[in-house]
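Enquirer: Pasting a structure below so you can have a look.
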Amino acid sequence: MSQARDRWPLWEVFTQPKDGAPHEHAGSVHAPDAELALQNARDTYARRGEAVNIWVVPSEAISASTPEDVGPFFDPGNDKPYRHPQFYKGAKGG
Amino acid sequence: MPFSESGCFMEPTTKSQGASAPHAGADDPARVTAFEERIARGETIEPKDWMPERYRKQLIRMMSQHAHSEVVGMLPEGNWITRAPCLRRKLSLLAKVQDEAGHGLYIYCGTETLGVERADLVDQLLEGKAKYSSIFNYPTLTWADMGAIGWLVDGAAIVNQTMLAKASYGPYARAMIRICKEENFHKRQGYEILATLAAGTRGQKAMAQDAVNRWWWPSLMMFGPSDKDSPNSAELLRWRVKQKGNDELRQRFVNLSVPQAQAIGLTLPDPDLKMNPETGDWEFGPIDWEEFYQVIGGNGPCNRERIAARRAAHEDGQWVREAAAAYGEKHKTRQVAA
């Protein structure tokens, strides 16, 4: 019943809830181009002033780390306690 | 808006075939064990995480039926937008119906993360192959029905969806959190409509009472059959897609609704309704499950009308989708040329 032209590309939507805040993933929309993706994203994810800015990104343009690799991928950051202030001793307020 | 797992959408044949479908099919048992340990630890499952095929299938079934319910749920109320009694009511109803469209889109978007396409799900609905909540197959006869739907149908949906907001599948839970925030407006606008009518002329109060009489029992059915008769309940509870059984949620809804009815001077159409002082529960009379199975089986008052309206809307929108696609392509060509 749906025709090939109904199968618009998928866009991931990121909304900035207020000035100065980072953009957060809100969900996705289908749209034939970026302009309509923005309009659809506004109507779907910002009907009540939930955003002051919206990004739309073609879903296929996103690269993501994989859950299987979570250990080795993040390992380089997990074994360096000296990157945290708790690693260091010293009088409070020092 | 409205949703409940298991029964409302259960294909009538599911029951006779038995619910003992093999779990996880050909999935590697070690991975299934690891998956169930994650569930037991309360972890959230994300789209790219490994999951048993059966979990994926159950979620696609449940989420797509939920999305369809939001979309079909626009029809009984959309029916009254042009006949709202004043501009304030009209604006509210218009906004509520628009929200239902948005809710459908949130959940379709969540379902697509499981590897299905929205266009295919929509096709299943239009071809009459998909289920949606049985309650939308009842007609909206008077303006008071807008009140009864907001209060009871959205009220029941809130009870259900508040639980689903803790579901183990991340995209589903996140869609539910968004939806729950918006449903409270739906419920309150409905309750306000009924309270206003109930405080009005004798005729207006009678209209409100009549709407409550017609919507009360179908609202209780929204929670699905008793857990002992619900083929999917046990598995969905085990995988923490659902947190509470159908009966417990139904009881919670009744306990919330009785004092709300009393507060606006309306009665609920159940002579057996009485407070059990020991449990603190409002006990209620037997539900007519035969009616429920008839309605999900396609024999409700409006089943055919609802699907016909969806098909007409889809076909009438064809030129808009074509124009948007053509515009998008033109835009792309220009960008390449520039």
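Residues in the structure tokens are numbered from 1 in each chain, the chains being A, B, ... in the order shown, and ligands are numbered from 1 in the order shown.
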Could you please select, counting only C-alpha atoms, the residues of chain A within 12 Å of chain B and state them as an MDAnalysis selection string?

Expert: chainID A and resid 1:13 25:37 40:48 50 59 64:70

Enquirer: Please identify all polymer residues within 9 Å of Thr140 in chain B, counting only C-alpha atoms, omitting same-chain residues fewer than 3 positions from it, and present them as a PyMOL selection string.

Expert: chain B and resi 76-77+79-80+143-146+149+211

Enquirer: Write out as number ranges by chain all residues of chain A that DSSP puts in strand (DSSP E or B) for this structure's backbone.

Expert: A: 10-16, 24-30, 53-58

Enquirer: Could you tell me how far CA of Leu237 in chain B sits from CA of Arg250 in chain B, in Å to one decimal place?

Expert: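 Distance reported for this atom pair: 15.9 Å.
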
Enquirer: Can you tell me, as an NGL selection string, which residues in chain A count as helix (DSSP H, G or I) by DSSP?

Expert: :A and (4-6 or 34-45 or 59-61 or 67-78 or 81-83 or 85-87)

Enquirer: Could you write out the selected residues, including C-alpha atoms, as a compact mmCIF listing (two decimals), in the first residue's frame?

Expert:
```txt
# COMPACT_ATOMS: atom_id res chain seq x y z
CA ALA A 4 8.49 3.75 -2.52
CA ARG A 5 8.15 7.52 -2.35
CA ASP A 6 6.43 7.23 1.05
CA ALA A 34 16.34 18.60 6.05
CA GLU A 35 13.89 21.49 5.98
CA LEU A 36 10.87 19.23 6.45
CA ALA A 37 12.79 17.12 8.95
CA LEU A 38 13.19 20.25 11.08
CA GLN A 39 9.52 21.09 10.80
CA ASN A 40 8.46 17.52 11.62
CA ALA A 41 10.87 17.46 14.55
CA ARG A 42 9.38 20.69 15.90
CA ASP A 43 5.81 19.36 15.59
CA THR A 44 6.71 16.01 17.12
CA TYR A 45 9.20 16.88 19.85
CA SER A 59 20.41 8.59 10.74
CA GLU A 60 22.76 6.89 8.32
CA ALA A 61 25.38 9.59 8.95
CA PRO A 67 27.82 -2.53 22.87
CA GLU A 68 30.07 -5.60 22.30
CA ASP A 69 33.17 -3.42 22.36
CA VAL A 70 32.21 -1.53 25.48
CA GLY A 71 35.05 -3.08 27.53
CA PRO A 72 38.08 -2.64 25.27
CA PHE A 73 36.77 0.56 23.70
CA PHE A 74 36.46 2.48 26.97
CA ASP A 75 39.26 0.69 28.77
CA PRO A 76 41.89 3.36 28.04
CA GLY A 77 39.86 5.78 30.14
CA ASN A 78 38.96 3.40 32.97
CA PRO A 81 42.48 7.13 38.33
CA TYR A 82 44.98 9.99 38.31
CA ARG A 83 42.60 11.83 36.02
CA PRO A 85 40.69 14.75 41.78
CA GLN A 86 40.01 11.96 44.34
CA PHE A 87 43.39 10.46 43.36
```

Enquirer: Any idea what's packed within 10 Å of Glu291 in chain B, counting only C-alpha atoms, ignoring anything in its chain fewer than 5 positions away? Could you give it as a list in words?

Expert: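 Within the cut-off, the hits are Pro218, Met221, Ile296, Gly297, Asn299 and Gly300 of chain B.
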
Enquirer: Could you write out the selected residues, including all heavy atoms, as a compact mmCIF listing (two decimals), in the first residue's frame?

Expert:
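Full text of out-v6.txt as output:
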```txt
# COMPACT_ATOMS: atom_id res chain seq x y z
N PRO B 218 -15.86 -0.55 29.07
CA PRO B 218 -14.76 -0.67 28.08
C PRO B 218 -13.42 -0.15 28.62
O PRO B 218 -12.37 -0.66 28.26
CB PRO B 218 -15.26 0.17 26.90
CG PRO B 218 -16.75 0.11 27.01
CD PRO B 218 -17.04 0.12 28.48
N MET B 221 -11.82 -2.82 30.50
CA MET B 221 -11.31 -3.85 29.57
C MET B 221 -9.97 -3.46 28.96
O MET B 221 -9.23 -4.30 28.48
CB MET B 221 -12.33 -4.10 28.45
CG MET B 221 -13.62 -4.71 28.93
SD MET B 221 -14.78 -4.86 27.54
CE MET B 221 -16.32 -5.12 28.43
N ILE B 296 -12.50 -7.04 19.89
CA ILE B 296 -11.17 -7.22 19.27
C ILE B 296 -11.24 -8.14 18.07
O ILE B 296 -10.41 -8.03 17.19
CB ILE B 296 -10.04 -7.83 20.16
CG1 ILE B 296 -10.50 -8.30 21.48
CG2 ILE B 296 -8.82 -6.96 20.22
CD1 ILE B 296 -9.42 -9.12 22.15
N GLY B 297 -12.24 -9.01 18.05
CA GLY B 297 -12.37 -9.91 16.91
C GLY B 297 -12.91 -9.21 15.67
O GLY B 297 -13.07 -9.84 14.63
N ASN B 299 -15.82 -7.22 15.62
CA ASN B 299 -17.27 -7.04 15.62
C ASN B 299 -17.75 -5.94 16.57
O ASN B 299 -18.88 -5.96 17.02
CB ASN B 299 -17.96 -8.37 15.99
CG ASN B 299 -17.61 -9.44 14.97
OD1 ASN B 299 -17.59 -9.19 13.77
ND2 ASN B 299 -17.28 -10.62 15.46
N GLY B 300 -16.89 -4.99 16.88
CA GLY B 300 -17.32 -3.84 17.68
C GLY B 300 -18.17 -2.92 16.84
O GLY B 300 -18.26 -3.09 15.62
```

Enquirer: Nearest to Gly150 in chain B: which of B:Leu194, B:Leu273, B:Val254, B:Val71 is it, counting only C-alpha atoms?

Expert: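 Smallest separation from Gly150 in chain B among the options: B:Leu194.
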
Enquirer: Excluding range 242-245 of chain B and any residue of its chain fewer than 5 positions from it, enumerate the residues within 8 Å of it, using only C-alpha atoms, and give them as a VMD selection string.

Expert: chain B and resid 163 to 164 166 to 167 227 233 236 to 237

Enquirer: Considering only C-alpha atoms, can you say which of A:Gly49, A:Ser63, A:Ile54, A:Lys80 comes closest to His23 in chain A?

Expert: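 Nearest to His23 in chain A: A:Ile54.
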
Enquirer: Taking 4 positions as the minimum chain separation for residues in the same chain, which residues sit within 12 Å of range 282-289 of chain B when counting only C-alpha atoms? Answer as a PDB file with N, CA and C atoms, in the first residue's frame.

Expert:
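Generated file (result_12.pdb):
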```
ATOM      1  N   GLY B   7      -4.228  -8.350  26.276  1.00  0.00           N
ATOM      2  CA  GLY B   7      -5.531  -8.681  25.790  1.00  0.00           C
ATOM      3  C   GLY B   7      -6.071  -7.769  24.747  1.00  0.00           C
ATOM      4  N   CYS B   8      -5.898  -6.490  24.928  1.00  0.00           N
ATOM      5  CA  CYS B   8      -6.612  -5.595  24.047  1.00  0.00           C
ATOM      6  C   CYS B   8      -6.323  -5.887  22.605  1.00  0.00           C
ATOM      7  N   SER B 134      -9.021  -1.981  21.828  1.00  0.00           N
ATOM      8  CA  SER B 134     -10.429  -2.255  21.492  1.00  0.00           C
ATOM      9  C   SER B 134     -11.329  -1.044  21.778  1.00  0.00           C
ATOM     10  N   TRP B 216     -17.421   3.293  30.999  1.00  0.00           N
ATOM     11  CA  TRP B 216     -16.793   2.705  32.188  1.00  0.00           C
ATOM     12  C   TRP B 216     -16.293   1.273  31.939  1.00  0.00           C
ATOM     13  N   TRP B 217     -17.172   0.404  31.461  1.00  0.00           N
ATOM     14  CA  TRP B 217     -16.752  -0.997  31.322  1.00  0.00           C
ATOM     15  C   TRP B 217     -15.687  -1.185  30.235  1.00  0.00           C
ATOM     16  N   PRO B 218     -15.858  -0.555  29.067  1.00  0.00           N
ATOM     17  CA  PRO B 218     -14.756  -0.674  28.081  1.00  0.00           C
ATOM     18  C   PRO B 218     -13.423  -0.150  28.619  1.00  0.00           C
ATOM     19  N   SER B 219     -13.471   0.855  29.521  1.00  0.00           N
ATOM     20  CA  SER B 219     -12.208   1.349  30.092  1.00  0.00           C
ATOM     21  C   SER B 219     -11.563   0.279  30.968  1.00  0.00           C
ATOM     22  N   LEU B 220     -12.368  -0.447  31.738  1.00  0.00           N
ATOM     23  CA  LEU B 220     -11.800  -1.531  32.555  1.00  0.00           C
ATOM     24  C   LEU B 220     -11.200  -2.627  31.668  1.00  0.00           C
ATOM     25  N   MET B 221     -11.816  -2.823  30.497  1.00  0.00           N
ATOM     26  CA  MET B 221     -11.310  -3.851  29.574  1.00  0.00           C
ATOM     27  C   MET B 221      -9.968  -3.456  28.958  1.00  0.00           C
ATOM     28  N   MET B 222      -9.679  -2.149  28.967  1.00  0.00           N
ATOM     29  CA  MET B 222      -8.411  -1.686  28.378  1.00  0.00           C
ATOM     30  C   MET B 222      -7.192  -2.352  29.002  1.00  0.00           C
ATOM     31  N   PHE B 223      -7.326  -2.822  30.233  1.00  0.00           N
ATOM     32  CA  PHE B 223      -6.164  -3.422  30.900  1.00  0.00           C
ATOM     33  C   PHE B 223      -5.927  -4.856  30.443  1.00  0.00           C
ATOM     34  N   GLY B 224      -6.827  -5.345  29.601  1.00  0.00           N
ATOM     35  CA  GLY B 224      -6.659  -6.704  29.093  1.00  0.00           C
ATOM     36  C   GLY B 224      -7.260  -7.723  30.034  1.00  0.00           C
ATOM     37  N   PRO B 225      -7.365  -8.972  29.562  1.00  0.00           N
ATOM     38  CA  PRO B 225      -7.978 -10.025  30.375  1.00  0.00           C
ATOM     39  C   PRO B 225      -7.197 -10.246  31.659  1.00  0.00           C
ATOM     40  N   SER B 226      -7.826 -10.955  32.544  1.00  0.00           N
ATOM     41  CA  SER B 226      -7.161 -11.329  33.784  1.00  0.00           C
ATOM     42  C   SER B 226      -5.847 -12.031  33.454  1.00  0.00           C
ATOM     43  N   ASP B 229      -5.666 -15.432  32.155  1.00  0.00           N
ATOM     44  CA  ASP B 229      -6.131 -15.694  30.789  1.00  0.00           C
ATOM     45  C   ASP B 229      -5.322 -14.932  29.742  1.00  0.00           C
ATOM     46  N   ASP B 247      -4.491  -7.287  36.210  1.00  0.00           N
ATOM     47  CA  ASP B 247      -5.496  -7.173  37.283  1.00  0.00           C
ATOM     48  C   ASP B 247      -5.102  -6.119  38.313  1.00  0.00           C
ATOM     49  N   GLU B 248      -3.825  -6.079  38.635  1.00  0.00           N
ATOM     50  CA  GLU B 248      -3.373  -5.119  39.632  1.00  0.00           C
ATOM     51  C   GLU B 248      -3.552  -3.680  39.116  1.00  0.00           C
ATOM     52  N   ARG B 250      -5.669  -2.710  36.804  1.00  0.00           N
ATOM     53  CA  ARG B 250      -7.115  -2.423  36.706  1.00  0.00           C
ATOM     54  C   ARG B 250      -7.656  -1.997  38.074  1.00  0.00           C
ATOM     55  N   GLN B 251      -7.226  -2.708  39.118  1.00  0.00           N
ATOM     56  CA  GLN B 251      -7.683  -2.376  40.469  1.00  0.00           C
ATOM     57  C   GLN B 251      -7.229  -0.967  40.867  1.00  0.00           C
ATOM     58  N   ARG B 252      -5.999  -0.655  40.501  1.00  0.00           N
ATOM     59  CA  ARG B 252      -5.488   0.678  40.822  1.00  0.00           C
ATOM     60  C   ARG B 252      -6.338   1.754  40.151  1.00  0.00           C
ATOM     61  N   PHE B 253      -6.700   1.505  38.901  1.00  0.00           N
ATOM     62  CA  PHE B 253      -7.527   2.455  38.146  1.00  0.00           C
ATOM     63  C   PHE B 253      -8.902   2.622  38.807  1.00  0.00           C
ATOM     64  N   VAL B 254      -9.513   1.517  39.214  1.00  0.00           N
ATOM     65  CA  VAL B 254     -10.830   1.594  39.856  1.00  0.00           C
ATOM     66  C   VAL B 254     -10.713   2.403  41.148  1.00  0.00           C
ATOM     67  N   ASN B 255      -9.680   2.114  41.933  1.00  0.00           N
ATOM     68  CA  ASN B 255      -9.500   2.832  43.207  1.00  0.00           C
ATOM     69  C   ASN B 255      -9.330   4.332  43.000  1.00  0.00           C
ATOM     70  N   LEU B 256      -8.661   4.715  41.926  1.00  0.00           N
ATOM     71  CA  LEU B 256      -8.491   6.143  41.629  1.00  0.00           C
ATOM     72  C   LEU B 256      -9.794   6.768  41.145  1.00  0.00           C
ATOM     73  N   SER B 257     -10.570   6.010  40.372  1.00  0.00           N
ATOM     74  CA  SER B 257     -11.718   6.591  39.667  1.00  0.00           C
ATOM     75  C   SER B 257     -12.935   6.784  40.563  1.00  0.00           C
ATOM     76  N   VAL B 258     -13.161   5.868  41.525  1.00  0.00           N
ATOM     77  CA  VAL B 258     -14.385   5.946  42.328  1.00  0.00           C
ATOM     78  C   VAL B 258     -14.499   7.298  43.048  1.00  0.00           C
ATOM     79  N   PRO B 259     -13.474   7.717  43.789  1.00  0.00           N
ATOM     80  CA  PRO B 259     -13.618   9.031  44.453  1.00  0.00           C
ATOM     81  C   PRO B 259     -13.718  10.198  43.477  1.00  0.00           C
ATOM     82  N   LEU B 268     -20.886   5.302  38.952  1.00  0.00           N
ATOM     83  CA  LEU B 268     -20.307   4.336  38.022  1.00  0.00           C
ATOM     84  C   LEU B 268     -21.303   3.184  37.871  1.00  0.00           C
ATOM     85  N   PRO B 269     -21.459   2.689  36.651  1.00  0.00           N
ATOM     86  CA  PRO B 269     -22.549   1.752  36.377  1.00  0.00           C
ATOM     87  C   PRO B 269     -22.245   0.327  36.838  1.00  0.00           C
ATOM     88  N   ASP B 270     -22.042   0.144  38.113  1.00  0.00           N
ATOM     89  CA  ASP B 270     -21.702  -1.185  38.624  1.00  0.00           C
ATOM     90  C   ASP B 270     -22.341  -1.362  40.005  1.00  0.00           C
ATOM     91  N   PRO B 271     -23.450  -2.119  40.070  1.00  0.00           N
ATOM     92  CA  PRO B 271     -24.143  -2.289  41.357  1.00  0.00           C
ATOM     93  C   PRO B 271     -23.297  -3.038  42.389  1.00  0.00           C
ATOM     94  N   ASP B 272     -22.284  -3.757  41.930  1.00  0.00           N
ATOM     95  CA  ASP B 272     -21.458  -4.547  42.862  1.00  0.00           C
ATOM     96  C   ASP B 272     -20.290  -3.762  43.445  1.00  0.00           C
ATOM     97  N   LEU B 273     -20.133  -2.515  43.020  1.00  0.00           N
ATOM     98  CA  LEU B 273     -18.979  -1.736  43.462  1.00  0.00           C
ATOM     99  C   LEU B 273     -19.060  -1.467  44.961  1.00  0.00           C
ATOM    100  N   LYS B 274     -18.075  -1.949  45.725  1.00  0.00           N
ATOM    101  CA  LYS B 274     -18.079  -1.645  47.170  1.00  0.00           C
ATOM    102  C   LYS B 274     -16.655  -1.668  47.725  1.00  0.00           C
ATOM    103  N   MET B 275     -16.479  -0.851  48.744  1.00  0.00           N
ATOM    104  CA  MET B 275     -15.162  -0.760  49.371  1.00  0.00           C
ATOM    105  C   MET B 275     -14.936  -1.961  50.276  1.00  0.00           C
ATOM    106  N   ASN B 276     -13.799  -2.599  50.100  1.00  0.00           N
ATOM    107  CA  ASN B 276     -13.391  -3.660  51.020  1.00  0.00           C
ATOM    108  C   ASN B 276     -12.478  -3.018  52.060  1.00  0.00           C
ATOM    109  N   PRO B 277     -12.978  -2.875  53.293  1.00  0.00           N
ATOM    110  CA  PRO B 277     -12.192  -2.114  54.278  1.00  0.00           C
ATOM    111  C   PRO B 277     -10.862  -2.782  54.629  1.00  0.00           C
ATOM    112  N   GLU B 278     -10.792  -4.096  54.433  1.00  0.00           N
ATOM    113  CA  GLU B 278      -9.544  -4.790  54.781  1.00  0.00           C
ATOM    114  C   GLU B 278      -8.432  -4.506  53.778  1.00  0.00           C
ATOM    115  N   TYR B 293     -13.999  -9.831  23.601  1.00  0.00           N
ATOM    116  CA  TYR B 293     -13.468 -10.670  22.513  1.00  0.00           C
ATOM    117  C   TYR B 293     -14.184 -10.388  21.199  1.00  0.00           C
ATOM    118  N   GLN B 294     -15.467 -10.058  21.283  1.00  0.00           N
ATOM    119  CA  GLN B 294     -16.196  -9.684  20.072  1.00  0.00           C
ATOM    120  C   GLN B 294     -15.595  -8.416  19.452  1.00  0.00           C
ATOM    121  N   VAL B 295     -15.287  -7.447  20.303  1.00  0.00           N
ATOM    122  CA  VAL B 295     -14.796  -6.165  19.774  1.00  0.00           C
ATOM    123  C   VAL B 295     -13.393  -6.325  19.194  1.00  0.00           C
ATOM    124  N   ILE B 296     -12.502  -7.040  19.893  1.00  0.00           N
ATOM    125  CA  ILE B 296     -11.170  -7.220  19.272  1.00  0.00           C
ATOM    126  C   ILE B 296     -11.237  -8.135  18.074  1.00  0.00           C
ATOM    127  N   GLY B 297     -12.237  -9.007  18.054  1.00  0.00           N
ATOM    128  CA  GLY B 297     -12.370  -9.913  16.915  1.00  0.00           C
ATOM    129  C   GLY B 297     -12.909  -9.209  15.669  1.00  0.00           C
TER     130      GLY B 297
END
```
